[in-house]
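Okay, query.pdb is below, PDB, C-alpha atoms, pLDDT in the B column:
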ATOM      1  CA  GLY A   1     -15.673 -12.821  -5.563  1.00 93.00           C
ATOM      2  CA  THR A   2     -17.356 -15.025  -8.181  1.00 95.00           C
ATOM      3  CA  LEU A   3     -17.720 -15.381 -11.935  1.00 95.00           C
ATOM      4  CA  LYS A   4     -21.033 -15.339 -13.788  1.00 93.00           C
ATOM      5  CA  ASP A   5     -21.433 -19.119 -13.441  1.00 93.00           C
ATOM      6  CA  GLY A   6     -20.924 -18.907  -9.667  1.00 93.00           C
ATOM      7  CA  THR A   7     -17.293 -20.065  -9.627  1.00 93.00           C
ATOM      8  CA  GLU A   8     -15.588 -18.526  -6.605  1.00 94.00           C
ATOM      9  CA  PHE A   9     -12.156 -17.057  -7.340  1.00 92.00           C
ATOM     10  CA  GLU A  10     -11.486 -15.246  -4.053  1.00 89.00           C
ATOM     11  CA  SER A  11     -12.855 -15.206  -0.519  1.00 91.00           C
ATOM     12  CA  THR A  12     -11.800 -13.818   2.852  1.00 88.00           C
ATOM     13  CA  LYS A  13     -14.724 -15.446   4.679  1.00 83.00           C
ATOM     14  CA  ASP A  14     -13.552 -17.082   7.936  1.00 84.00           C
ATOM     15  CA  LYS A  15     -10.201 -15.299   7.508  1.00 85.00           C
ATOM     16  CA  GLN A  16      -8.716 -12.006   8.599  1.00 82.00           C
ATOM     17  CA  PRO A  17     -10.349  -9.051   6.796  1.00 84.00           C
ATOM     18  CA  GLU A  18      -8.427  -7.811   3.761  1.00 83.00           C
ATOM     19  CA  LEU A  19      -6.690  -4.468   4.317  1.00 81.00           C
ATOM     20  CA  PHE A  20      -6.352  -2.323   1.197  1.00 81.00           C
ATOM     21  CA  TYR A  21      -5.808   1.267   0.153  1.00 79.00           C
ATOM     22  CA  LEU A  22      -8.776   2.638  -1.778  1.00 83.00           C
ATOM     23  CA  GLY A  23      -7.840   3.993  -5.195  1.00 77.00           C
ATOM     24  CA  GLN A  24      -4.774   1.816  -5.747  1.00 69.00           C
ATOM     25  CA  ASN A  25      -6.293  -1.556  -6.632  1.00 74.00           C
ATOM     26  CA  LEU A  26      -5.788  -3.484  -9.868  1.00 73.00           C
ATOM     27  CA  ILE A  27      -9.560  -3.690 -10.332  1.00 85.00           C
ATOM     28  CA  LYS A  28     -10.810  -0.151 -10.947  1.00 88.00           C
ATOM     29  CA  GLY A  29     -14.442  -1.254 -10.614  1.00 92.00           C
ATOM     30  CA  TRP A  30     -13.702  -2.526  -7.103  1.00 89.00           C
ATOM     31  CA  ASP A  31     -12.597   0.936  -5.975  1.00 89.00           C
ATOM     32  CA  MET A  32     -15.653   2.517  -7.613  1.00 93.00           C
ATOM     33  CA  GLY A  33     -17.975   0.018  -5.940  1.00 94.00           C
ATOM     34  CA  VAL A  34     -16.502   0.339  -2.455  1.00 93.00           C
ATOM     35  CA  GLU A  35     -16.176   4.136  -2.458  1.00 92.00           C
ATOM     36  CA  GLY A  36     -18.758   5.763  -0.201  1.00 93.00           C
ATOM     37  CA  MET A  37     -19.402   2.685   1.955  1.00 94.00           C
ATOM     38  CA  HIS A  38     -19.880   3.064   5.699  1.00 95.00           C
ATOM     39  CA  GLU A  39     -18.554   0.796   8.433  1.00 93.00           C
ATOM     40  CA  GLY A  40     -20.894  -2.167   8.890  1.00 94.00           C
ATOM     41  CA  GLY A  41     -22.320  -1.796   5.369  1.00 95.00           C
ATOM     42  CA  THR A  42     -22.640  -4.595   2.812  1.00 96.00           C
ATOM     43  CA  ARG A  43     -22.743  -4.242  -0.967  1.00 96.00           C
ATOM     44  CA  GLU A  44     -23.003  -6.448  -4.007  1.00 96.00           C
ATOM     45  CA  ILE A  45     -20.776  -5.088  -6.769  1.00 95.00           C
ATOM     46  CA  THR A  46     -20.848  -6.071 -10.452  1.00 96.00           C
ATOM     47  CA  VAL A  47     -17.659  -5.196 -12.322  1.00 95.00           C
ATOM     48  CA  PRO A  48     -17.731  -5.326 -16.143  1.00 95.00           C
ATOM     49  CA  PRO A  49     -14.596  -6.501 -17.981  1.00 94.00           C
ATOM     50  CA  SER A  50     -13.673  -2.917 -18.941  1.00 94.00           C
ATOM     51  CA  LEU A  51     -13.331  -2.041 -15.218  1.00 93.00           C
ATOM     52  CA  GLY A  52     -11.857  -5.419 -14.243  1.00 92.00           C
ATOM     53  CA  PHE A  53      -9.101  -7.350 -15.984  1.00 91.00           C
ATOM     54  CA  GLY A  54     -10.344  -6.660 -19.507  1.00 91.00           C
ATOM     55  CA  ALA A  55      -9.213  -8.905 -22.336  1.00 91.00           C
ATOM     56  CA  LYS A  56      -6.506 -10.544 -20.205  1.00 88.00           C
ATOM     57  CA  ALA A  57      -6.876 -13.631 -18.042  1.00 89.00           C
ATOM     58  CA  ALA A  58      -5.803 -13.274 -14.392  1.00 88.00           C
ATOM     59  CA  GLY A  59      -5.141 -16.575 -12.639  1.00 87.00           C
ATOM     60  CA  PRO A  60      -8.498 -18.385 -12.344  1.00 90.00           C
ATOM     61  CA  ILE A  61     -10.304 -15.456 -14.006  1.00 92.00           C
ATOM     62  CA  PRO A  62     -10.787 -15.912 -17.784  1.00 94.00           C
ATOM     63  CA  ALA A  63     -10.386 -13.015 -20.202  1.00 94.00           C
ATOM     64  CA  ASN A  64     -13.388 -10.682 -20.652  1.00 95.00           C
ATOM     65  CA  SER A  65     -14.985 -11.792 -17.382  1.00 95.00           C
ATOM     66  CA  THR A  66     -17.651  -9.880 -15.486  1.00 96.00           C
ATOM     67  CA  LEU A  67     -16.808 -10.056 -11.779  1.00 95.00           C
ATOM     68  CA  TYR A  68     -19.319 -10.286  -8.935  1.00 96.00           C
ATOM     69  CA  PHE A  69     -18.371  -9.272  -5.393  1.00 94.00           C
ATOM     70  CA  ARG A  70     -20.164  -9.284  -2.058  1.00 94.00           C
ATOM     71  CA  VAL A  71     -18.367  -6.858   0.256  1.00 93.00           C
ATOM     72  CA  ALA A  72     -18.821  -6.260   3.977  1.00 94.00           C
ATOM     73  CA  LEU A  73     -16.924  -3.219   5.240  1.00 94.00           C
ATOM     74  CA  ARG A  74     -15.608  -3.899   8.728  1.00 91.00           C
ATOM     75  CA  HIS A  75     -13.538  -0.824   9.497  1.00 90.00           C
ATOM     76  CA  ILE A  76     -12.161   2.364   7.961  1.00 90.00           C
ATOM     77  CA  GLU A  77      -8.601   3.036   9.087  1.00 85.00           C
ATOM     78  CA  PRO A  78      -7.199   6.487   9.962  1.00 86.00           C
ATOM     79  CA  LYS A  79      -5.527   8.348   7.135  1.00 89.00           C
ATOM     80  CA  VAL A  80      -1.805   8.828   6.613  1.00 94.00           C
ATOM     81  CA  GLU A  81      -0.845  12.459   7.276  1.00 96.00           C
ATOM     82  CA  VAL A  82       1.317  13.832   4.452  1.00 96.00           C
ATOM     83  CA  THR A  83       3.208  17.143   4.554  1.00 97.00           C
ATOM     84  CA  VAL A  84       5.220  18.299   1.525  1.00 97.00           C
ATOM     85  CA  LEU A  85       8.446  19.913   2.762  1.00 98.00           C
ATOM     86  CA  LYS A  86       9.972  20.509  -0.666  1.00 97.00           C
ATOM     87  CA  LYS A  87       8.286  20.381  -4.059  1.00 97.00           C
ATOM     88  CA  GLY A  88       9.695  18.274  -6.885  1.00 97.00           C
ATOM     89  CA  GLU A  89       9.382  18.138 -10.659  1.00 96.00           C
ATOM     90  CA  GLY A  90       8.107  15.688 -13.251  1.00 94.00           C
ATOM     91  CA  PRO A  91       5.430  12.976 -13.202  1.00 93.00           C
ATOM     92  CA  GLY A  92       4.200  11.764  -9.829  1.00 95.00           C
ATOM     93  CA  ALA A  93       4.982   8.220  -8.709  1.00 95.00           C
ATOM     94  CA  LYS A  94       2.209   5.639  -9.067  1.00 91.00           C
ATOM     95  CA  CYS A  95       1.419   2.329  -7.438  1.00 87.00           C
ATOM     96  CA  ASN A  96       3.766  -0.427  -8.739  1.00 89.00           C
ATOM     97  CA  ASP A  97       6.406   2.103  -9.843  1.00 94.00           C
ATOM     98  CA  VAL A  98       9.919   1.396  -8.604  1.00 96.00           C
ATOM     99  CA  VAL A  99      11.424   4.398  -6.835  1.00 97.00           C
ATOM    100  CA  GLU A 100      14.837   5.408  -5.512  1.00 97.00           C
ATOM    101  CA  LEU A 101      14.720   7.468  -2.338  1.00 97.00           C
ATOM    102  CA  TYR A 102      16.314   8.335   0.968  1.00 96.00           C
ATOM    103  CA  LEU A 103      14.306   7.744   4.113  1.00 95.00           C
ATOM    104  CA  LYS A 104      14.609   8.228   7.816  1.00 93.00           C
ATOM    105  CA  GLY A 105      12.140   7.724  10.586  1.00 92.00           C
ATOM    106  CA  GLY A 106      11.019   6.031  13.743  1.00 92.00           C
ATOM    107  CA  MET A 107       8.272   6.002  16.329  1.00 92.00           C
ATOM    108  CA  LYS A 108       6.398   9.237  16.949  1.00 90.00           C
ATOM    109  CA  ASP A 109       8.054  11.013  19.899  1.00 83.00           C
ATOM    110  CA  GLY A 110      10.619   8.199  19.940  1.00 82.00           C
ATOM    111  CA  ALA A 111      14.125   7.431  18.806  1.00 81.00           C
ATOM    112  CA  GLU A 112      15.081   7.299  15.109  1.00 87.00           C
ATOM    113  CA  VAL A 113      15.083   3.712  13.825  1.00 87.00           C
ATOM    114  CA  PHE A 114      15.679   4.080  10.086  1.00 89.00           C
ATOM    115  CA  ASN A 115      18.163   6.342   8.314  1.00 91.00           C
ATOM    116  CA  SER A 116      19.367   5.254   4.874  1.00 90.00           C
ATOM    117  CA  ARG A 117      21.977   8.016   4.767  1.00 88.00           C
ATOM    118  CA  LEU A 118      23.912   6.397   7.616  1.00 84.00           C
ATOM    119  CA  ASP A 119      24.884   3.419   5.487  1.00 67.00           C
ATOM    120  CA  ASP A 120      26.597   3.870   2.111  1.00 73.00           C
ATOM    121  CA  ASN A 121      24.634   7.010   1.182  1.00 82.00           C
ATOM    122  CA  GLU A 122      23.016   5.134  -1.700  1.00 88.00           C
ATOM    123  CA  PRO A 123      19.251   5.609  -2.179  1.00 93.00           C
ATOM    124  CA  VAL A 124      16.893   2.788  -1.256  1.00 94.00           C
ATOM    125  CA  HIS A 125      15.046   1.016  -4.098  1.00 95.00           C
ATOM    126  CA  MET A 126      11.461  -0.081  -3.481  1.00 95.00           C
ATOM    127  CA  MET A 127       8.265  -0.799  -5.390  1.00 95.00           C
ATOM    128  CA  ILE A 128       5.238   1.185  -4.285  1.00 92.00           C
ATOM    129  CA  GLY A 129       2.674  -1.380  -3.181  1.00 88.00           C
ATOM    130  CA  ASP A 130       5.168  -4.128  -2.303  1.00 90.00           C
ATOM    131  CA  ARG A 131       3.315  -6.366   0.173  1.00 85.00           C
ATOM    132  CA  HIS A 132       6.452  -6.694   2.300  1.00 88.00           C
ATOM    133  CA  LEU A 133       6.241  -2.985   3.141  1.00 91.00           C
ATOM    134  CA  PRO A 134       3.698  -1.275   5.414  1.00 92.00           C
ATOM    135  CA  ILE A 135       0.534  -0.472   3.450  1.00 90.00           C
ATOM    136  CA  GLY A 136       0.856   3.109   4.706  1.00 93.00           C
ATOM    137  CA  PHE A 137       3.810   3.568   2.358  1.00 95.00           C
ATOM    138  CA  ILE A 138       1.358   3.669  -0.583  1.00 92.00           C
ATOM    139  CA  PRO A 139      -0.359   6.990   0.251  1.00 92.00           C
ATOM    140  CA  SER A 140       2.993   8.232   1.592  1.00 95.00           C
ATOM    141  CA  LEU A 141       4.734   7.837  -1.782  1.00 96.00           C
ATOM    142  CA  VAL A 142       2.034   7.984  -4.477  1.00 93.00           C
ATOM    143  CA  GLY A 143       2.213  11.298  -6.305  1.00 94.00           C
ATOM    144  CA  MET A 144       5.779  12.123  -5.199  1.00 97.00           C
ATOM    145  CA  GLN A 145       7.932  13.807  -7.830  1.00 97.00           C
ATOM    146  CA  GLU A 146      11.680  13.593  -8.281  1.00 97.00           C
ATOM    147  CA  GLY A 147      13.347  16.058  -5.916  1.00 97.00           C
ATOM    148  CA  GLU A 148      10.337  16.148  -3.573  1.00 98.00           C
ATOM    149  CA  THR A 149      10.634  15.718   0.197  1.00 98.00           C
ATOM    150  CA  ARG A 150       7.725  14.595   2.362  1.00 98.00           C
ATOM    151  CA  LYS A 151       7.132  14.069   6.052  1.00 97.00           C
ATOM    152  CA  VAL A 152       4.467  11.455   6.781  1.00 97.00           C
ATOM    153  CA  VAL A 153       2.759  10.194   9.920  1.00 97.00           C
ATOM    154  CA  ILE A 154       1.510   6.605   9.585  1.00 96.00           C
ATOM    155  CA  PRO A 155      -0.999   5.223  12.142  1.00 94.00           C
ATOM    156  CA  PRO A 156      -0.196   1.831  13.697  1.00 93.00           C
ATOM    157  CA  SER A 157      -2.760  -0.119  11.664  1.00 90.00           C
ATOM    158  CA  LEU A 158      -1.091   1.037   8.415  1.00 92.00           C
ATOM    159  CA  ALA A 159       2.465   0.665   9.759  1.00 93.00           C
ATOM    160  CA  TYR A 160       3.630  -2.360  11.767  1.00 91.00           C
ATOM    161  CA  GLY A 161       0.356  -3.047  13.566  1.00 88.00           C
ATOM    162  CA  ALA A 162      -0.232  -4.917  16.786  1.00 87.00           C
ATOM    163  CA  LYS A 163       2.891  -7.066  16.279  1.00 85.00           C
ATOM    164  CA  GLY A 164       5.427  -4.305  15.748  1.00 86.00           C
ATOM    165  CA  VAL A 165       8.907  -5.440  14.727  1.00 83.00           C
ATOM    166  CA  PRO A 166      10.772  -7.614  17.242  1.00 74.00           C
ATOM    167  CA  PRO A 167      14.592  -7.445  17.379  1.00 65.00           C
ATOM    168  CA  GLU A 168      14.608 -10.947  15.868  1.00 61.00           C
ATOM    169  CA  ASP A 169      12.006 -13.270  14.361  1.00 57.00           C
ATOM    170  CA  GLU A 170      10.838 -16.675  15.578  1.00 58.00           C
ATOM    171  CA  LYS A 171      13.808 -18.291  13.828  1.00 57.00           C
ATOM    172  CA  GLY A 172      16.290 -16.030  15.559  1.00 53.00           C
ATOM    173  CA  VAL A 173      17.026 -13.895  12.497  1.00 50.00           C
ATOM    174  CA  LYS A 174      17.825 -10.365  13.612  1.00 51.00           C
ATOM    175  CA  ALA A 175      15.664  -7.628  12.097  1.00 52.00           C
ATOM    176  CA  GLY A 176      18.116  -4.844  12.858  1.00 52.00           C
ATOM    177  CA  SER A 177      15.500  -2.752  14.650  1.00 58.00           C
ATOM    178  CA  LYS A 178      12.805  -2.999  17.272  1.00 81.00           C
ATOM    179  CA  ILE A 179       9.428  -1.317  16.927  1.00 89.00           C
ATOM    180  CA  PRO A 180       6.954  -1.763  19.783  1.00 88.00           C
ATOM    181  CA  PRO A 181       3.400  -2.930  19.015  1.00 89.00           C
ATOM    182  CA  ASN A 182       0.847  -0.275  18.002  1.00 91.00           C
ATOM    183  CA  SER A 183       3.475   2.361  17.204  1.00 93.00           C
ATOM    184  CA  THR A 184       2.641   5.471  15.201  1.00 95.00           C
ATOM    185  CA  MET A 185       5.501   5.948  12.736  1.00 95.00           C
ATOM    186  CA  VAL A 186       6.967   9.179  11.343  1.00 96.00           C
ATOM    187  CA  PHE A 187       9.049   9.092   8.157  1.00 96.00           C
ATOM    188  CA  THR A 188      10.806  11.634   5.959  1.00 97.00           C
ATOM    189  CA  PHE A 189      11.136  10.584   2.310  1.00 97.00           C
ATOM    190  CA  GLU A 190      13.384  12.266  -0.268  1.00 97.00           C
ATOM    191  CA  MET A 191      12.536  11.159  -3.809  1.00 98.00           C
ATOM    192  CA  VAL A 192      15.573  10.702  -6.055  1.00 97.00           C
ATOM    193  CA  LYS A 193      14.233   8.826  -9.092  1.00 97.00           C
ATOM    194  CA  VAL A 194      10.912   7.405 -10.304  1.00 96.00           C
ATOM    195  CA  HIS A 195      10.952   4.382 -12.618  1.00 96.00           C
ATOM    196  CA  PRO A 196       7.410   4.072 -14.060  1.00 92.00           C
ATOM    197  CA  VAL A 197       5.959   0.577 -14.229  1.00 84.00           C
ATOM    198  CA  LYS A 198       6.042  -0.859 -17.722  1.00 75.00           C
ATOM    199  CA  THR A 199       2.588  -1.430 -19.171  1.00 60.00           C
ATOM    200  CA  SER A 200       1.736  -3.469 -22.253  1.00 49.00           C
ATOM    201  CA  ASN A 201      -0.674  -2.214 -24.885  1.00 43.00           C
TER     202      ASN A 201
END
Produce structure tokens that represent the structure in this file.
Amino acid sequence: GTLKDGTEFESTKDKQPELFYLGQNLIKGWDMGVEGMHEGGTREITVPPSLGFGAKAAGPIPANSTLYFRVALRHIEPKVEVTVLKKGEGPGAKCNDVVELYLKGGMKDGAEVFNSRLDDNEPVHMMIGDRHLPIGFIPSLVGMQEGETRKVVIPPSLAYGAKGVPPEDEKGVKAGSKIPPNSTMVFTFEMVKVHPVKTSN
């Protein structure tokens, strides 16, 4: 990614490819430019300020900047399978909203690993799009309404990947669960409350 004068503000060259969920990026023009690409394809995308960061500066990007991207699409991941078990009411949750929910789940055809109702019966708070959570949680939760229940199947690449979750990390800190590498995960989410992200005019 570069500015009009050639200043580079972002690059994944010589790094691991960036994994993202199409349709939930901060830069709307990025989603529009990438949509329809095929694996192995390369595109040059010009994003005007109105479809980028607009009149606000963003880190090294000045306000009202046109953004220039060169994108090489390496791989398209499998989709998350979503089944609505119970319909809810009200506005659907969006990326960056904070939600309160109950969840349970584990490996497909395996033992249950997570069950928030077994603790203090208080709902879990999380922000949709939090980078500490599996990226597959985004399509799993976006659009959920209060009172809605969903069952989702998340492929390994969008869950815990080739590393899985060891019983403890390299520093010996226990994770509380063990998920083998390349595990397909199955979760049930019950939406309790949606707290929309605050936006400034």
What separation in Å, quoted to one decimal, exists between CA of Lys79 (chain A) and CA of Gly136 (chain A)?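 Rounded to one decimal, the two atoms are 8.6 Å apart.
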Please report the interatomic distance between CA of Pro180 (chain A) and CA of Pro123 (chain A) in Å with one decimal. 26.2 Å
Neighbouring residues of Asn121 (chain A) were defined as those with any atom within 9 Å, considering all atoms listed in the file; residues of the same chain fewer than 4 positions away were excluded. Please report them as a ChimeraX atom specification. /A:102,116-117
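Of the listed residues (A:Leu3, A:Val186, A:Val82, A:Val192), A:Leu3 comes nearest to Thr66 (chain A); the distances count all atoms listed in the file.
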Residue IDs satisfying the PyMOL selection byres ((chain A and resi 29-39) around 12), as a PyMOL selection string: chain A and resi 1+20-28+40-54+66-77
Export C-alpha atoms of the chosen residues as a PDB file, in the coordinates of the input?
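Resulting contents of selection_5.pdb:
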ATOM      1  CA  GLY A   1     -15.673 -12.821  -5.563  1.00 93.00           C
ATOM      2  CA  PHE A  20      -6.352  -2.323   1.197  1.00 81.00           C
ATOM      3  CA  TYR A  21      -5.808   1.267   0.153  1.00 79.00           C
ATOM      4  CA  LEU A  22      -8.776   2.638  -1.778  1.00 83.00           C
ATOM      5  CA  GLY A  23      -7.840   3.993  -5.195  1.00 77.00           C
ATOM      6  CA  GLN A  24      -4.774   1.816  -5.747  1.00 69.00           C
ATOM      7  CA  ASN A  25      -6.293  -1.556  -6.632  1.00 74.00           C
ATOM      8  CA  LEU A  26      -5.788  -3.484  -9.868  1.00 73.00           C
ATOM      9  CA  ILE A  27      -9.560  -3.690 -10.332  1.00 85.00           C
ATOM     10  CA  LYS A  28     -10.810  -0.151 -10.947  1.00 88.00           C
ATOM     11  CA  GLY A  40     -20.894  -2.167   8.890  1.00 94.00           C
ATOM     12  CA  GLY A  41     -22.320  -1.796   5.369  1.00 95.00           C
ATOM     13  CA  THR A  42     -22.640  -4.595   2.812  1.00 96.00           C
ATOM     14  CA  ARG A  43     -22.743  -4.242  -0.967  1.00 96.00           C
ATOM     15  CA  GLU A  44     -23.003  -6.448  -4.007  1.00 96.00           C
ATOM     16  CA  ILE A  45     -20.776  -5.088  -6.769  1.00 95.00           C
ATOM     17  CA  THR A  46     -20.848  -6.071 -10.452  1.00 96.00           C
ATOM     18  CA  VAL A  47     -17.659  -5.196 -12.322  1.00 95.00           C
ATOM     19  CA  PRO A  48     -17.731  -5.326 -16.143  1.00 95.00           C
ATOM     20  CA  PRO A  49     -14.596  -6.501 -17.981  1.00 94.00           C
ATOM     21  CA  SER A  50     -13.673  -2.917 -18.941  1.00 94.00           C
ATOM     22  CA  LEU A  51     -13.331  -2.041 -15.218  1.00 93.00           C
ATOM     23  CA  GLY A  52     -11.857  -5.419 -14.243  1.00 92.00           C
ATOM     24  CA  PHE A  53      -9.101  -7.350 -15.984  1.00 91.00           C
ATOM     25  CA  GLY A  54     -10.344  -6.660 -19.507  1.00 91.00           C
ATOM     26  CA  THR A  66     -17.651  -9.880 -15.486  1.00 96.00           C
ATOM     27  CA  LEU A  67     -16.808 -10.056 -11.779  1.00 95.00           C
ATOM     28  CA  TYR A  68     -19.319 -10.286  -8.935  1.00 96.00           C
ATOM     29  CA  PHE A  69     -18.371  -9.272  -5.393  1.00 94.00           C
ATOM     30  CA  ARG A  70     -20.164  -9.284  -2.058  1.00 94.00           C
ATOM     31  CA  VAL A  71     -18.367  -6.858   0.256  1.00 93.00           C
ATOM     32  CA  ALA A  72     -18.821  -6.260   3.977  1.00 94.00           C
ATOM     33  CA  LEU A  73     -16.924  -3.219   5.240  1.00 94.00           C
ATOM     34  CA  ARG A  74     -15.608  -3.899   8.728  1.00 91.00           C
ATOM     35  CA  HIS A  75     -13.538  -0.824   9.497  1.00 90.00           C
ATOM     36  CA  ILE A  76     -12.161   2.364   7.961  1.00 90.00           C
ATOM     37  CA  GLU A  77      -8.601   3.036   9.087  1.00 85.00           C
TER      38      GLU A  77
END
Let me have the centre and edge lengths of the axis-aligned box enclosing all listed atoms of region 5-19 of chain A with 3 Å padding on every side, in Å to one decimal, as lines of an AutoDock Vina configuration file.
center_x = -14.1
center_y = -12.3
center_z = -2.4
size_x = 20.7
size_y = 21.6
size_z = 28.0
Which residue is closest to Thr188 (chain A)? Choose from A:Asp120, A:Asp97, A:Glu112, A:Glu8 and count only C-alpha atoms.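 Going through A:Asp120, A:Asp97, A:Glu112, A:Glu8 one by one, the smallest distance to Thr188 (chain A) is for A:Glu112.
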Can you tell me which residues surround region 90-94 of chain A at a distance of at most 12 Å, considering all atoms listed in the file, apart from same-chain residues fewer than 4 positions away, and format the answer as an mmCIF file with C-alpha atoms, in the frame of the given file?
data_model
loop_
_atom_site.group_PDB
_atom_site.id
_atom_site.type_symbol
_atom_site.label_atom_id
_atom_site.label_comp_id
_atom_site.auth_asym_id
_atom_site.auth_seq_id
_atom_site.Cartn_x
_atom_site.Cartn_y
_atom_site.Cartn_z
ATOM 1 C CA GLY A 23 -7.840 3.993 -5.195
ATOM 2 C CA GLN A 24 -4.774 1.816 -5.747
ATOM 3 C CA ASN A 25 -6.293 -1.556 -6.632
ATOM 4 C CA VAL A 98 9.919 1.396 -8.604
ATOM 5 C CA VAL A 99 11.424 4.398 -6.835
ATOM 6 C CA GLU A 100 14.837 5.408 -5.512
ATOM 7 C CA LEU A 101 14.720 7.468 -2.338
ATOM 8 C CA MET A 126 11.461 -0.081 -3.481
ATOM 9 C CA MET A 127 8.265 -0.799 -5.390
ATOM 10 C CA ILE A 128 5.238 1.185 -4.285
ATOM 11 C CA GLY A 129 2.674 -1.380 -3.181
ATOM 12 C CA PHE A 137 3.810 3.568 2.358
ATOM 13 C CA ILE A 138 1.358 3.669 -0.583
ATOM 14 C CA PRO A 139 -0.359 6.990 0.251
ATOM 15 C CA SER A 140 2.993 8.232 1.592
ATOM 16 C CA LEU A 141 4.734 7.837 -1.782
ATOM 17 C CA VAL A 142 2.034 7.984 -4.477
ATOM 18 C CA GLY A 143 2.213 11.298 -6.305
ATOM 19 C CA MET A 144 5.779 12.123 -5.199
ATOM 20 C CA GLN A 145 7.932 13.807 -7.830
ATOM 21 C CA GLU A 146 11.680 13.593 -8.281
ATOM 22 C CA GLY A 147 13.347 16.058 -5.916
ATOM 23 C CA GLU A 148 10.337 16.148 -3.573
ATOM 24 C CA MET A 191 12.536 11.159 -3.809
ATOM 25 C CA VAL A 192 15.573 10.702 -6.055
ATOM 26 C CA LYS A 193 14.233 8.826 -9.092
ATOM 27 C CA VAL A 194 10.912 7.405 -10.304
ATOM 28 C CA HIS A 195 10.952 4.382 -12.618
ATOM 29 C CA PRO A 196 7.410 4.072 -14.060
ATOM 30 C CA VAL A 197 5.959 0.577 -14.229
ATOM 31 C CA LYS A 198 6.042 -0.859 -17.722
#
For Thr149 (chain A), which of A:Leu118, A:Leu85, A:Ile61, A:Leu103 is the closest residue, counting all atoms listed in the file? A:Leu85
Figure out the distance between CA of Phe9 (chain A) and CA of Ala159 (chain A), please, to one decimal in Å.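 Separation between CA of Ala159 (chain A) and CA of Phe9 (chain A): 28.6 Å.
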Could you tell me which of A:Ala63, A:Leu19, A:Val124, A:Val80 comes closest to Phe189 (chain A) if we count only C-alpha atoms?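 The answer is A:Val124, which sits nearest to Phe189 (chain A).
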Identify all residues satisfying the PyMOL selection byres ((chain A and resi 162) around 7) in the given file; provide them as a list in words.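 Selected by the PyMOL selection byres ((chain A and resi 162) around 7) in this file: Tyr160, Gly161, Lys163, Gly164, Pro181 and Asn182 of chain A.
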